[in-house]
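Enquirer: Dropping in protein25.pdb, which is PDB, C-alpha atoms:
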```pdb
ATOM      1  CA  MET A  28     104.535 184.771  83.619
ATOM      2  CA  ARG A  29     108.046 183.594  84.462
ATOM      3  CA  THR A  30     108.091 181.313  81.417
ATOM      4  CA  LEU A  31     107.155 184.243  79.185
ATOM      5  CA  LEU A  32     109.967 186.344  80.641
ATOM      6  CA  ILE A  33     112.561 183.591  80.150
ATOM      7  CA  PHE A  34     111.342 182.990  76.594
ATOM      8  CA  SER A  35     111.514 186.725  75.807
ATOM      9  CA  VAL A  36     115.085 186.991  77.087
ATOM     10  CA  PHE A  37     116.085 183.912  75.072
ATOM     11  CA  ILE A  38     114.566 185.364  71.886
ATOM     12  CA  PHE A  39     116.274 188.720  72.481
ATOM     13  CA  PHE A  40     119.728 187.146  72.760
ATOM     14  CA  THR A  41     119.135 184.826  69.811
ATOM     15  CA  ILE A  42     118.106 187.663  67.506
ATOM     16  CA  ASN A  43     120.963 189.880  68.647
ATOM     17  CA  SER A  44     123.645 187.210  68.169
ATOM     18  CA  ASN A  45     122.462 186.282  64.661
ATOM     19  CA  ALA A  46     122.525 189.908  63.586
ATOM     20  CA  GLN A  47     126.287 190.102  64.154
ATOM     21  CA  GLN A  48     127.225 186.978  62.216
ATOM     22  CA  CYS A  49     128.881 187.193  58.829
ATOM     23  CA  ARG A  50     128.735 184.656  55.990
ATOM     24  CA  PHE A  51     131.850 182.836  57.301
ATOM     25  CA  GLU A  52     130.264 182.265  60.714
ATOM     26  CA  LYS A  53     126.883 181.276  59.273
ATOM     27  CA  SER A  54     128.483 178.684  56.955
ATOM     28  CA  ASN A  55     130.757 177.173  59.650
ATOM     29  CA  GLY A  56     133.861 178.431  57.848
ATOM     30  CA  MET A  57     132.944 177.012  54.436
ATOM     31  CA  GLU A  58     132.325 180.359  52.678
ATOM     32  CA  SER A  59     133.847 183.797  52.880
ATOM     33  CA  ALA A  60     132.100 187.107  52.395
ATOM     34  CA  THR A  61     132.332 189.101  49.203
ATOM     35  CA  TYR A  62     134.024 192.486  49.359
ATOM     36  CA  PHE A  63     130.650 194.234  49.359
ATOM     37  CA  GLU A  64     129.187 191.965  52.066
ATOM     38  CA  ALA A  65     132.222 192.594  54.265
ATOM     39  CA  VAL A  66     131.983 196.363  53.808
ATOM     40  CA  GLU A  67     128.255 196.323  54.617
ATOM     41  CA  TRP A  68     128.895 194.174  57.708
ATOM     42  CA  TYR A  69     131.506 196.622  59.006
ATOM     43  CA  LYS A  70     129.246 199.594  58.211
ATOM     44  CA  SER A  71     126.437 198.007  60.240
ATOM     45  CA  LEU A  72     128.920 197.379  63.061
ATOM     46  CA  ASP A  73     129.948 201.038  62.830
ATOM     47  CA  LYS A  74     126.319 202.111  63.271
ATOM     48  CA  ALA A  75     125.777 199.731  66.195
ATOM     49  CA  SER A  76     128.944 200.545  68.144
ATOM     50  CA  LEU A  77     130.600 203.697  69.382
ATOM     51  CA  GLN A  78     133.951 201.870  69.386
ATOM     52  CA  VAL A  79     134.046 201.189  65.627
ATOM     53  CA  LEU A  80     134.519 203.815  62.925
ATOM     54  CA  VAL A  81     134.587 202.896  59.234
ATOM     55  CA  LYS A  82     136.129 205.467  56.900
ATOM     56  CA  GLU A  83     136.557 205.558  53.142
ATOM     57  CA  MET A  84     140.241 206.101  52.372
ATOM     58  CA  GLY A  85     140.411 206.323  48.581
ATOM     59  CA  MET A  86     140.069 203.633  45.948
ATOM     60  CA  THR A  87     141.364 200.072  45.609
ATOM     61  CA  ASP A  88     143.325 198.936  42.558
ATOM     62  CA  ALA A  89     140.074 197.324  41.352
ATOM     63  CA  GLY A  90     138.321 200.701  41.445
ATOM     64  CA  TYR A  91     136.201 200.088  44.561
ATOM     65  CA  PRO A  92     136.151 202.361  47.615
ATOM     66  CA  LEU A  93     138.795 201.394  50.189
ATOM     67  CA  HIS A  94     137.356 201.197  53.704
TER      68      HIS A  94
END
```
Reformat the file's structure so that it appears as structure tokens.
Expert:
Amino acid sequence: MRTLLIFSVFIFFTINSNAQQCRFEKSNGMESATYFEAVEWYKSLDKASLQVLVKEMGMTDAGYPLH
């Protein structure tokens, strides 16, 4: 029973930590995120945290929403 509990806690922390990693972290600093990947990552962080708020503040010079 104790082994199952330890394994469950380990899996919980492993899944949670991978969910918050961006492309840069997953590639050991060899790749950077695209604009759209970065925006999606911050939007998911916004949903997961009460301390983060992502707002759209107009358009970029490339015609994409500025967050």
Enquirer: In Å, with one decimal, what is the gap from atom CA of Met84 of chain A to atom CA of Phe51 of chain A?
Expert: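 Interatomic distance here is 25.2 Å.
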Enquirer: Please enumerate the residues selected by the PyMOL selection byres ((chain A and resi 81) around 9) when evaluated against the supplied file, formatted as a ChimeraX atom specification.
Expert: /A:66,69-70,72-73,79-80,82-83,94
Enquirer: How about saving the chosen residues, C-alpha atoms kept, as a tab-separated table (two decimals), in the frame of the given file?
Expert:
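again.tsv, written as the output of this step:
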```
chain	number	residue	atom	x	y	z
A	66	VAL	CA	131.98	196.36	53.81
A	69	TYR	CA	131.51	196.62	59.01
A	70	LYS	CA	129.25	199.59	58.21
A	72	LEU	CA	128.92	197.38	63.06
A	73	ASP	CA	129.95	201.04	62.83
A	79	VAL	CA	134.05	201.19	65.63
A	80	LEU	CA	134.52	203.82	62.92
A	82	LYS	CA	136.13	205.47	56.90
A	83	GLU	CA	136.56	205.56	53.14
A	94	HIS	CA	137.36	201.20	53.70
```
Enquirer: Which value, in Å to one decimal, gives the distance between atom CA of Thr61 of chain A and atom CA of Asp88 of chain A?
Expert: 16.2 Å
Enquirer: What is the distance, in Å and to one decimal place, between atom CA of Tyr91 of chain A and atom CA of Ala65 of chain A?
Expert: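 Answer for the atom CA of Tyr91 of chain A to atom CA of Ala65 of chain A separation: 12.9 Å.
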Enquirer: Identify which of the residues A:Trp68, A:Ser76, A:Tyr62, A:Thr30 lies closest to Pro92 of chain A, counting all atoms listed in the file when measuring atom-to-atom distances.
Expert: A:Tyr62
